[in-house]
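To keep things clear, I will list the structure first and then write my remarks on it.
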There are 2 protein chains.
Amino acid sequence: MAITVVGSVAFDSIETPAGKRERCLGGAATYFSLSASFFTDVRVIAVVGEDFGKRQEAVFDARKIDTRGIERTKGKCFAWEGSYMDDLNEAKTRTTELNVFASFEPKIPDSYRDSKFLFLANIDPVLQRRVRDEMPDVKLVGGDTMNYWIKDHRPALLEVLKGLDILLINDTEVRMLAGKDNLLQAARAVLALGPRALVVKHGEYGATLFHGAKSAGRSFRAPAMLLEEVIDPTGAGDSFAGGFFGYLASQPELTPAAFRRAMFYGSVMGSFACECFGTERLQKLTRKEIDERFTVFRELTHLD
Amino acid sequence: MAITVVGSVAFDSIETPAGKRERCLGGAATYFSLSASFFTDVRVIAVVGEDFGKRQEAVFDARKIDTRGIERTKGKCFAWEGSYMDDLNEAKTRTTELNVFASFEPKIPDSYRDSKFLFLANIDPVLQRRVRDEMPDVKLVGGDTMNYWIKDHRPALLEVLKGLDILLINDTEVRMLAGKDNLLQAARAVLALGPRALVVKHGEYGATLFHGAKSAGRSFRAPAMLLEEVIDPTGAGDSFAGGFFGYLASQPELTPAAFRRAMFYGSVMGSFACECFGTERLQKLTRKEIDERFTVFRELTHLD
């Protein structure tokens with residue numbers, strides 16, 4: 001079943017211990033949709049400027065991603081410049097130019113309205129909520145957020161959480177959102193805010209899925225791939241979300257077993273994203289490689 | 001088959017967010033042997049002072065641990081005082097009194113010499129090596145160390161590593177020992193120093209087993225238990241080592257599957273250790289509880 005994703009399409013300038021790249025095609029919606037496109041049909045809602053050209057468009061086209069919801073407008077794309085020189089687990093932002101993103105008003109094409117899955121990538125919670133309200137018939141809504149919204153836009157974010165089925169955030173974010181250090185306690189507190197499930201991403205240590213506030217003790221842990229060299233961690237979390245959500249959308253039923261496999265596929269996609277700068281690795285990827293790595297993840301964690 | 005362990009028996013004064021305890025029975029050899037005793041016969045080599053009395057002895061006796069190798073001498077036991085108030089993952093040492101431990105000369109009782117498994121807990125590598133050399137016929141030798149020996153006693157430590165089958169250390173230690181930040185690269189570098197296998201403990205994120213320098217990419221990951229409240233993390237790593245090594249010693253053959261199950265049992269024992277202050281939880285534990293948690297760990301990680 002088709003997924004609609006709303007989020008950023010951007011140009012990223014990235015420095016890591018492995019090197020430097022200027023203006024890679026990036027943004028949460030880009031990583032998410034490329035990753036999810038290996039599992040199901042994906043439709044994007046975003047805004048881009050005049051510097052989004054044929055070359056960028058071709059990246060989405062090659063994966064048959066529906067871009068009718070990407071609004072072209074005067075000005076330049078969202079641009080981010082960051083460095084992982086101090087810590088591969090945390091980007092240090094050098095500059096952020098919102099550009100056309102500053103006045104982003106998501107518009108949902110009519111052809112997207114039968115989407116059964118909706119993913120609200122990391123944008124202003126006011127916009128996340130608006131899109132969610134305009135698509136009342138979706139079967140499953142996932143979302144992401146970040147420290148900035150948690151700290152300075154909490155009331156709007158809390159409204160979004162009430163309408164979410166699944167929240168996908170990282171360790172630091174879940175602790176900040178809950179105001180608790182203990183991961184299990186923090187997860188339980190976040191689940192009490194609305195989401196029916198919570199995925200906490202632990203970077204190189206994998207990710208944990210928590211179900212329902214009352215049974216947050218019932219969890220499932222997926223490993224991460226140990227890579228010889230992390231070339232560029234940008235977009236790993238969005239790629240995780242794309243694999244996780246994309247796999248779920250491809251399943252006839254959302255059983256507990258489907259959720260567990262979705263965690264593995266999320267982790268698989270996050271690991272591939274780190275192997276090249278920007279979306280390079282996702283662009284070249286094949287479904288065969290994905291399933292091979294899924295098997296490696298099984299061997300990495302299963303007793304027999 | 002019986003395990004001989006050499007290490008510290010100590011009194012720990014501990015402060016954590018959950019409370020404070022004075023002079024708990026602790027020390028690496030204590031945690032290790034209590035933990036391993038649920039799987040196989042354990043024999044301890046250590047030194048204690050006059051403050052080690054009937055009550056402390058009874059803790060070992062209750063688990064049928066052989067204490068003929070615990071030397072009683074004039075003076076006081078090794079005493080440590082530490083706090084986890086800033087960070088549950090890292091103890092801040094307030095005071096260390098070596099006492100009788102300062103002149104520890106491990107003596108191996110004749111009755112220990114047929115042990116097929118040897119564990120060198122975290123002590124001076126010069127002493128680790130001496131014990132290892134005196135027990136040439138053991139089938140499997142495991143060992144632990146810490147930042148102090150890695151930084152300031154490297155040549156002696158490198159000699160120990162050459163004689164080890166399995167080294168069990170944490171993330172920080174493997175990176176420090178290898179001088180590499182990337183975990184896979186660091187693991188490979190450490191395996192090149194001698195050990196045939198390496199277990200890296202990740203605290204609340206579990207642990208990873210690496211086999212052989214040439215195939216460090218072939219690894220296995222065990223999860224950790226998410227606890228509602230970590231009462232006291234002291235000894236969790238030694239309890240992990242005890243469960244891991246104890247389980248291996250109980251097996252007829254050291255197959256890859258046995259190593260994987262040993263990783264799970266290690267993680268299970270580490271999780272129990274954190275549930276009470278000092279060794280309280282290990283003292284009260286039953287094999288039934290251990291196997292039940294093993295099942296929980298399987299459900300936490302297995303796809304079906």
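By convention in this document, the chains of the structure tokens carry letters A, B, ... by their order, each chain's residues are numbered from 1, and ligands are numbered from 1 in the order they are shown.
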If you count only C-alpha atoms, which residues fall within 10 Å of B:Phe78, apart from same-chain ones fewer than 3 positions away, as a PDB file with all heavy atoms, in the first residue's frame?
```
ATOM      1  N   SER B   8      39.826  -9.980  42.655  1.00  0.00           N
ATOM      2  CA  SER B   8      39.683  -9.297  43.945  1.00  0.00           C
ATOM      3  C   SER B   8      38.427  -9.747  44.681  1.00  0.00           C
ATOM      4  O   SER B   8      37.401 -10.062  44.084  1.00  0.00           O
ATOM      5  CB  SER B   8      39.623  -7.786  43.727  1.00  0.00           C
ATOM      6  OG  SER B   8      38.549  -7.462  42.865  1.00  0.00           O
ATOM      7  N   VAL B   9      38.567  -9.788  46.007  1.00  0.00           N
ATOM      8  CA  VAL B   9      37.420  -9.898  46.909  1.00  0.00           C
ATOM      9  C   VAL B   9      37.506  -8.638  47.760  1.00  0.00           C
ATOM     10  O   VAL B   9      38.575  -8.349  48.309  1.00  0.00           O
ATOM     11  CB  VAL B   9      37.495 -11.174  47.774  1.00  0.00           C
ATOM     12  CG1 VAL B   9      36.425 -11.158  48.864  1.00  0.00           C
ATOM     13  CG2 VAL B   9      37.365 -12.414  46.893  1.00  0.00           C
ATOM     14  N   ALA B  10      36.438  -7.880  47.810  1.00  0.00           N
ATOM     15  CA  ALA B  10      36.568  -6.525  48.359  1.00  0.00           C
ATOM     16  C   ALA B  10      35.318  -6.108  49.112  1.00  0.00           C
ATOM     17  O   ALA B  10      34.290  -6.789  49.079  1.00  0.00           O
ATOM     18  CB  ALA B  10      36.821  -5.549  47.216  1.00  0.00           C
ATOM     19  N   PHE B  11      35.434  -4.978  49.788  1.00  0.00           N
ATOM     20  CA  PHE B  11      34.248  -4.325  50.344  1.00  0.00           C
ATOM     21  C   PHE B  11      34.009  -3.039  49.553  1.00  0.00           C
ATOM     22  O   PHE B  11      34.913  -2.212  49.401  1.00  0.00           O
ATOM     23  CB  PHE B  11      34.444  -3.998  51.835  1.00  0.00           C
ATOM     24  CG  PHE B  11      34.320  -5.211  52.706  1.00  0.00           C
ATOM     25  CD1 PHE B  11      35.454  -5.799  53.267  1.00  0.00           C
ATOM     26  CD2 PHE B  11      33.086  -5.779  52.964  1.00  0.00           C
ATOM     27  CE1 PHE B  11      35.343  -6.932  54.068  1.00  0.00           C
ATOM     28  CE2 PHE B  11      32.962  -6.917  53.770  1.00  0.00           C
ATOM     29  CZ  PHE B  11      34.098  -7.493  54.324  1.00  0.00           C
ATOM     30  N   ASP B  12      32.782  -2.897  49.033  1.00  0.00           N
ATOM     31  CA  ASP B  12      32.440  -1.725  48.215  1.00  0.00           C
ATOM     32  C   ASP B  12      31.444  -0.834  48.952  1.00  0.00           C
ATOM     33  O   ASP B  12      30.429  -1.327  49.449  1.00  0.00           O
ATOM     34  CB  ASP B  12      31.782  -2.162  46.904  1.00  0.00           C
ATOM     35  CG  ASP B  12      32.716  -2.957  46.003  1.00  0.00           C
ATOM     36  OD1 ASP B  12      33.947  -2.779  46.112  1.00  0.00           O
ATOM     37  OD2 ASP B  12      32.209  -3.744  45.180  1.00  0.00           O
ATOM     38  N   GLY B  26      32.032  -7.336  47.681  1.00  0.00           N
ATOM     39  CA  GLY B  26      32.162  -7.160  46.238  1.00  0.00           C
ATOM     40  C   GLY B  26      33.504  -7.656  45.748  1.00  0.00           C
ATOM     41  O   GLY B  26      34.097  -8.565  46.327  1.00  0.00           O
ATOM     42  N   GLY B  27      34.000  -7.049  44.673  1.00  0.00           N
ATOM     43  CA  GLY B  27      35.242  -7.497  44.057  1.00  0.00           C
ATOM     44  C   GLY B  27      34.926  -8.371  42.846  1.00  0.00           C
ATOM     45  O   GLY B  27      33.938  -9.118  42.848  1.00  0.00           O
ATOM     46  N   VAL B  47      42.858 -12.731  47.927  1.00  0.00           N
ATOM     47  CA  VAL B  47      43.424 -12.484  49.254  1.00  0.00           C
ATOM     48  C   VAL B  47      42.448 -11.604  50.032  1.00  0.00           C
ATOM     49  O   VAL B  47      41.851 -10.694  49.458  1.00  0.00           O
ATOM     50  CB  VAL B  47      44.827 -11.822  49.163  1.00  0.00           C
ATOM     51  CG1 VAL B  47      44.744 -10.441  48.503  1.00  0.00           C
ATOM     52  CG2 VAL B  47      45.468 -11.693  50.542  1.00  0.00           C
ATOM     53  N   VAL B  48      42.251 -11.935  51.315  1.00  0.00           N
ATOM     54  CA  VAL B  48      41.363 -11.119  52.155  1.00  0.00           C
ATOM     55  C   VAL B  48      42.046 -10.808  53.482  1.00  0.00           C
ATOM     56  O   VAL B  48      43.027 -11.457  53.854  1.00  0.00           O
ATOM     57  CB  VAL B  48      40.019 -11.840  52.437  1.00  0.00           C
ATOM     58  CG1 VAL B  48      39.213 -11.996  51.151  1.00  0.00           C
ATOM     59  CG2 VAL B  48      40.239 -13.185  53.107  1.00  0.00           C
ATOM     60  N   GLY B  49      41.500  -9.830  54.163  1.00  0.00           N
ATOM     61  CA  GLY B  49      42.054  -9.444  55.464  1.00  0.00           C
ATOM     62  C   GLY B  49      41.204  -9.986  56.601  1.00  0.00           C
ATOM     63  O   GLY B  49      40.297 -10.809  56.397  1.00  0.00           O
ATOM     64  N   GLY B  75      45.613  -7.605  58.258  1.00  0.00           N
ATOM     65  CA  GLY B  75      45.234  -6.349  57.613  1.00  0.00           C
ATOM     66  C   GLY B  75      43.782  -6.374  57.196  1.00  0.00           C
ATOM     67  O   GLY B  75      42.998  -7.188  57.685  1.00  0.00           O
ATOM     68  N   THR B  96      40.105   4.407  47.009  1.00  0.00           N
ATOM     69  CA  THR B  96      40.518   3.019  46.807  1.00  0.00           C
ATOM     70  C   THR B  96      41.560   2.707  47.868  1.00  0.00           C
ATOM     71  O   THR B  96      42.587   3.381  47.932  1.00  0.00           O
ATOM     72  CB  THR B  96      41.173   2.832  45.417  1.00  0.00           C
ATOM     73  OG1 THR B  96      40.230   3.241  44.425  1.00  0.00           O
ATOM     74  CG2 THR B  96      41.543   1.396  45.172  1.00  0.00           C
ATOM     75  N   GLU B  97      41.279   1.724  48.703  1.00  0.00           N
ATOM     76  CA  GLU B  97      42.287   1.271  49.673  1.00  0.00           C
ATOM     77  C   GLU B  97      42.682  -0.140  49.307  1.00  0.00           C
ATOM     78  O   GLU B  97      41.907  -1.073  49.488  1.00  0.00           O
ATOM     79  CB  GLU B  97      41.714   1.294  51.096  1.00  0.00           C
ATOM     80  CG  GLU B  97      41.380   2.691  51.597  1.00  0.00           C
ATOM     81  CD  GLU B  97      40.561   2.628  52.887  1.00  0.00           C
ATOM     82  OE1 GLU B  97      40.654   1.609  53.599  1.00  0.00           O
ATOM     83  OE2 GLU B  97      39.820   3.588  53.144  1.00  0.00           O
ATOM     84  N   LEU B  98      43.887  -0.300  48.780  1.00  0.00           N
ATOM     85  CA  LEU B  98      44.319  -1.625  48.334  1.00  0.00           C
ATOM     86  C   LEU B  98      44.434  -2.598  49.509  1.00  0.00           C
ATOM     87  O   LEU B  98      44.125  -3.772  49.392  1.00  0.00           O
ATOM     88  CB  LEU B  98      45.657  -1.533  47.612  1.00  0.00           C
ATOM     89  CG  LEU B  98      45.607  -0.878  46.222  1.00  0.00           C
ATOM     90  CD1 LEU B  98      47.005  -0.772  45.633  1.00  0.00           C
ATOM     91  CD2 LEU B  98      44.707  -1.678  45.267  1.00  0.00           C
ATOM     92  N   ASN B  99      44.942  -2.089  50.633  1.00  0.00           N
ATOM     93  CA  ASN B  99      45.125  -2.922  51.840  1.00  0.00           C
ATOM     94  C   ASN B  99      45.860  -4.219  51.516  1.00  0.00           C
ATOM     95  O   ASN B  99      46.898  -4.173  50.863  1.00  0.00           O
ATOM     96  CB  ASN B  99      43.776  -3.159  52.532  1.00  0.00           C
ATOM     97  CG  ASN B  99      43.139  -1.830  52.983  1.00  0.00           C
ATOM     98  OD1 ASN B  99      43.855  -0.884  53.314  1.00  0.00           O
ATOM     99  ND2 ASN B  99      41.834  -1.766  52.989  1.00  0.00           N
ATOM    100  N   VAL B 100      45.318  -5.381  51.918  1.00  0.00           N
ATOM    101  CA  VAL B 100      46.039  -6.653  51.703  1.00  0.00           C
ATOM    102  C   VAL B 100      46.262  -6.962  50.221  1.00  0.00           C
ATOM    103  O   VAL B 100      47.141  -7.745  49.862  1.00  0.00           O
ATOM    104  CB  VAL B 100      45.307  -7.854  52.352  1.00  0.00           C
ATOM    105  CG1 VAL B 100      45.180  -7.666  53.860  1.00  0.00           C
ATOM    106  CG2 VAL B 100      43.913  -8.063  51.731  1.00  0.00           C
ATOM    107  N   PHE B 101      45.490  -6.301  49.362  1.00  0.00           N
ATOM    108  CA  PHE B 101      45.587  -6.543  47.928  1.00  0.00           C
ATOM    109  C   PHE B 101      46.892  -5.982  47.347  1.00  0.00           C
ATOM    110  O   PHE B 101      47.352  -6.438  46.300  1.00  0.00           O
ATOM    111  CB  PHE B 101      44.382  -5.893  47.236  1.00  0.00           C
ATOM    112  CG  PHE B 101      44.012  -6.539  45.940  1.00  0.00           C
ATOM    113  CD1 PHE B 101      43.507  -7.836  45.907  1.00  0.00           C
ATOM    114  CD2 PHE B 101      44.148  -5.858  44.731  1.00  0.00           C
ATOM    115  CE1 PHE B 101      43.158  -8.435  44.708  1.00  0.00           C
ATOM    116  CE2 PHE B 101      43.807  -6.452  43.539  1.00  0.00           C
ATOM    117  CZ  PHE B 101      43.310  -7.747  43.524  1.00  0.00           C
ATOM    118  N   ALA B 102      47.478  -5.013  48.060  1.00  0.00           N
ATOM    119  CA  ALA B 102      48.697  -4.354  47.563  1.00  0.00           C
ATOM    120  C   ALA B 102      49.844  -5.353  47.412  1.00  0.00           C
ATOM    121  O   ALA B 102      50.709  -5.199  46.552  1.00  0.00           O
ATOM    122  CB  ALA B 102      49.091  -3.225  48.505  1.00  0.00           C
TER     123      ALA B 102
END
```
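What chain A places within 8 Å of chain B, counting only C-alpha atoms, is A:Asn182, A:Leu183, A:Leu184, A:Gln185, A:Tyr205, A:Gly217, A:Arg218, A:Ser219, A:Phe220, A:Arg221, A:Ala222, A:Pro223, A:Leu226, A:Leu227, A:Glu228, A:Glu229, A:Ala257, A:Arg260, A:Arg261, A:Arg298, A:Glu299, A:Leu300, A:Thr301, A:His302, A:Leu303, A:Asp304.
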Item checked: Residues flagged helix (DSSP H, G or I) by DSSP in stretch 85-200 of chain A, as a PyMOL selection string -> chain A and resi 99-103+110-112+125-134+147-152+154-162+171-178+183-191
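Among A:Leu168, A:Met146, A:Val141, A:Ala241, the residue with the shortest atom-to-atom distance to A:Ser33, counting only C-alpha atoms, is A:Ala241.
Atom pair atom CA of B:Met135 / atom CA of B:Arg113 has a distance of 6.7 Å (rounded to one decimal).
Excluding B:Thr234 itself and any same-chain residue fewer than 2 positions from it, the protein and nucleic acid residues within 10 Å of it, counting only C-alpha atoms, are Asp12, Ile14, Thr16, Gly26, Gly27, Ala28, Tyr31, Gly82, Ser83, Tyr84, Leu88, Asn89, Glu90, Ala91, Ile231, Asp232, Ala236, Gly237, Asp238, Ser239, Gly270, Ala273, Cys274, Cys276, Phe277, Gly278 and Thr279 of chain B.
Residues in contact with stretch 66-74 of chain A at 8 Å, where only C-alpha atoms are counted and same-chain residues fewer than 2 positions away are skipped, are listed as Asp41, Val42, Arg43, Val44, Ile45, Ala46, Val47, Val48, Gly49, Glu50, Phe60, Asp61, Lys64, Lys76, Val100, Lys107, Ile108 and Pro109 of chain A.
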Could you write out the selected residues, including C-alpha atoms, as an mmCIF file, in the first residue's frame?
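The resulting again.cif:
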```cif
data_model
loop_
_atom_site.group_PDB
_atom_site.id
_atom_site.type_symbol
_atom_site.label_atom_id
_atom_site.label_comp_id
_atom_site.auth_asym_id
_atom_site.auth_seq_id
_atom_site.Cartn_x
_atom_site.Cartn_y
_atom_site.Cartn_z
ATOM 1 C CA ASP A 41 4.921 2.973 -3.609
ATOM 2 C CA VAL A 42 5.977 6.296 -2.135
ATOM 3 C CA ARG A 43 4.518 9.779 -2.606
ATOM 4 C CA VAL A 44 6.370 12.875 -1.427
ATOM 5 C CA ILE A 45 5.122 16.223 -0.158
ATOM 6 C CA ALA A 46 7.857 18.858 0.023
ATOM 7 C CA VAL A 47 8.974 22.193 -1.344
ATOM 8 C CA VAL A 48 12.035 22.917 -3.503
ATOM 9 C CA GLY A 49 13.590 25.956 -5.147
ATOM 10 C CA GLU A 50 14.906 26.664 -8.596
ATOM 11 C CA PHE A 60 13.313 10.176 -7.390
ATOM 12 C CA ASP A 61 12.213 9.025 -10.844
ATOM 13 C CA LYS A 64 9.502 5.476 -9.231
ATOM 14 C CA LYS A 76 16.574 28.107 -3.287
ATOM 15 C CA VAL A 100 11.981 28.098 0.399
ATOM 16 C CA LYS A 107 -0.262 20.782 -0.186
ATOM 17 C CA ILE A 108 -1.645 17.287 -0.593
ATOM 18 C CA PRO A 109 -2.343 16.290 -4.209
#
```
message: Among stretch 194-234 of chain B, which residues does DSSP mark as strand (DSSP E or B) when it is run on the backbone? Keep the chain and numbering as in the structure and answer as a count of residues only.
response: 14
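Residue nearest A:Glu280, chosen from A:Gly235, A:Pro106, A:Gly246, A:Gly142 and counting only C-alpha atoms: A:Gly235.
Between atom CA of B:Asp171 and atom CA of B:Lys201 lies a distance of 6.2 Å.
One finds atom CA of A:Asn170 at 23.8 Å from atom CA of B:Pro17.
Nearest residue to A:Ala156, choosing from A:Ile169, A:Leu127, A:Leu177, A:Ala189 and counting only C-alpha atoms: A:Leu127.
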- Any idea what's packed within 8 Å of B:Tyr265, counting only C-alpha atoms, ignoring anything in its chain fewer than 2 positions away? Could you give it as a VMD selection string? chain B and resid 240 243 to 244 247 261 to 263 267 to 269 290 294
Take the residues from that selection and put them in a file with all heavy atoms, as an mmCIF file, in the first residue's frame.
```cif
data_model
loop_
_atom_site.group_PDB
_atom_site.id
_atom_site.type_symbol
_atom_site.label_atom_id
_atom_site.label_comp_id
_atom_site.auth_asym_id
_atom_site.auth_seq_id
_atom_site.Cartn_x
_atom_site.Cartn_y
_atom_site.Cartn_z
ATOM 1 N N PHE B 240 28.475 -10.666 34.045
ATOM 2 C CA PHE B 240 28.388 -11.078 32.643
ATOM 3 C C PHE B 240 29.454 -12.140 32.364
ATOM 4 O O PHE B 240 29.167 -13.221 31.848
ATOM 5 C CB PHE B 240 28.598 -9.873 31.713
ATOM 6 C CG PHE B 240 28.483 -10.214 30.247
ATOM 7 C CD1 PHE B 240 27.365 -9.818 29.518
ATOM 8 C CD2 PHE B 240 29.470 -10.935 29.583
ATOM 9 C CE1 PHE B 240 27.235 -10.147 28.170
ATOM 10 C CE2 PHE B 240 29.360 -11.260 28.244
ATOM 11 C CZ PHE B 240 28.240 -10.856 27.534
ATOM 12 N N GLY B 243 28.607 -15.496 33.906
ATOM 13 C CA GLY B 243 27.553 -16.227 33.193
ATOM 14 C C GLY B 243 28.070 -16.780 31.880
ATOM 15 O O GLY B 243 27.804 -17.934 31.522
ATOM 16 N N PHE B 244 28.817 -15.963 31.164
ATOM 17 C CA PHE B 244 29.370 -16.352 29.865
ATOM 18 C C PHE B 244 30.324 -17.543 30.010
ATOM 19 O O PHE B 244 30.182 -18.572 29.359
ATOM 20 C CB PHE B 244 30.111 -15.143 29.273
ATOM 21 C CG PHE B 244 30.807 -15.396 27.972
ATOM 22 C CD1 PHE B 244 30.102 -15.318 26.779
ATOM 23 C CD2 PHE B 244 32.158 -15.691 27.936
ATOM 24 C CE1 PHE B 244 30.749 -15.542 25.556
ATOM 25 C CE2 PHE B 244 32.807 -15.912 26.724
ATOM 26 C CZ PHE B 244 32.100 -15.836 25.532
ATOM 27 N N TYR B 247 28.678 -20.748 31.655
ATOM 28 C CA TYR B 247 27.884 -21.532 30.709
ATOM 29 C C TYR B 247 28.793 -22.342 29.783
ATOM 30 O O TYR B 247 28.563 -23.536 29.553
ATOM 31 C CB TYR B 247 26.944 -20.648 29.889
ATOM 32 C CG TYR B 247 26.152 -21.473 28.914
ATOM 33 C CD1 TYR B 247 25.071 -22.234 29.345
ATOM 34 C CD2 TYR B 247 26.524 -21.553 27.577
ATOM 35 C CE1 TYR B 247 24.378 -23.053 28.462
ATOM 36 C CE2 TYR B 247 25.828 -22.357 26.694
ATOM 37 C CZ TYR B 247 24.760 -23.109 27.135
ATOM 38 O OH TYR B 247 24.082 -23.918 26.268
ATOM 39 N N ARG B 261 24.882 -18.900 22.919
ATOM 40 C CA ARG B 261 24.063 -19.030 24.127
ATOM 41 C C ARG B 261 24.800 -18.454 25.341
ATOM 42 O O ARG B 261 24.192 -17.838 26.217
ATOM 43 C CB ARG B 261 23.680 -20.496 24.360
ATOM 44 C CG ARG B 261 22.619 -21.007 23.368
ATOM 45 C CD ARG B 261 22.052 -22.360 23.798
ATOM 46 N NE ARG B 261 23.089 -23.378 23.940
ATOM 47 C CZ ARG B 261 23.466 -24.214 22.965
ATOM 48 N NH1 ARG B 261 22.900 -24.155 21.775
ATOM 49 N NH2 ARG B 261 24.411 -25.097 23.193
ATOM 50 N N ALA B 262 26.118 -18.636 25.369
ATOM 51 C CA ALA B 262 26.915 -18.081 26.476
ATOM 52 C C ALA B 262 26.790 -16.554 26.523
ATOM 53 O O ALA B 262 26.727 -15.960 27.607
ATOM 54 C CB ALA B 262 28.379 -18.493 26.329
ATOM 55 N N MET B 263 26.732 -15.925 25.363
ATOM 56 C CA MET B 263 26.554 -14.471 25.315
ATOM 57 C C MET B 263 25.229 -14.078 25.965
ATOM 58 O O MET B 263 25.136 -13.097 26.702
ATOM 59 C CB MET B 263 26.571 -13.974 23.869
ATOM 60 C CG MET B 263 27.933 -13.971 23.212
ATOM 61 S SD MET B 263 29.030 -12.726 23.924
ATOM 62 C CE MET B 263 28.291 -11.213 23.277
ATOM 63 N N SER B 267 24.695 -11.903 29.468
ATOM 64 C CA SER B 267 23.868 -10.704 29.513
ATOM 65 C C SER B 267 22.755 -10.850 30.565
ATOM 66 O O SER B 267 22.436 -9.905 31.295
ATOM 67 C CB SER B 267 23.287 -10.469 28.121
ATOM 68 O OG SER B 267 23.024 -9.113 27.905
ATOM 69 N N VAL B 268 22.198 -12.048 30.655
ATOM 70 C CA VAL B 268 21.180 -12.333 31.677
ATOM 71 C C VAL B 268 21.757 -12.093 33.076
ATOM 72 O O VAL B 268 21.148 -11.412 33.910
ATOM 73 C CB VAL B 268 20.687 -13.802 31.547
ATOM 74 C CG1 VAL B 268 19.989 -14.268 32.819
ATOM 75 C CG2 VAL B 268 19.750 -13.944 30.343
ATOM 76 N N MET B 269 22.947 -12.617 33.338
ATOM 77 C CA MET B 269 23.540 -12.493 34.670
ATOM 78 C C MET B 269 23.910 -11.037 34.972
ATOM 79 O O MET B 269 23.749 -10.561 36.093
ATOM 80 C CB MET B 269 24.771 -13.403 34.803
ATOM 81 C CG MET B 269 24.470 -14.890 34.657
ATOM 82 S SD MET B 269 23.117 -15.520 35.703
ATOM 83 C CE MET B 269 23.891 -15.423 37.317
ATOM 84 N N ILE B 290 16.958 -17.606 36.016
ATOM 85 C CA ILE B 290 17.951 -17.374 34.959
ATOM 86 C C ILE B 290 17.414 -17.865 33.612
ATOM 87 O O ILE B 290 17.473 -17.149 32.603
ATOM 88 C CB ILE B 290 19.286 -18.081 35.309
ATOM 89 C CG1 ILE B 290 19.907 -17.427 36.547
ATOM 90 C CG2 ILE B 290 20.242 -18.070 34.130
ATOM 91 C CD1 ILE B 290 21.082 -18.195 37.130
ATOM 92 N N PHE B 294 16.452 -15.860 30.158
ATOM 93 C CA PHE B 294 17.029 -16.277 28.880
ATOM 94 C C PHE B 294 15.934 -16.303 27.808
ATOM 95 O O PHE B 294 16.126 -15.817 26.692
ATOM 96 C CB PHE B 294 17.672 -17.661 29.040
ATOM 97 C CG PHE B 294 18.400 -18.156 27.826
ATOM 98 C CD1 PHE B 294 19.767 -17.948 27.693
ATOM 99 C CD2 PHE B 294 17.736 -18.834 26.819
ATOM 100 C CE1 PHE B 294 20.454 -18.409 26.576
ATOM 101 C CE2 PHE B 294 18.410 -19.291 25.691
ATOM 102 C CZ PHE B 294 19.773 -19.076 25.581
#
```
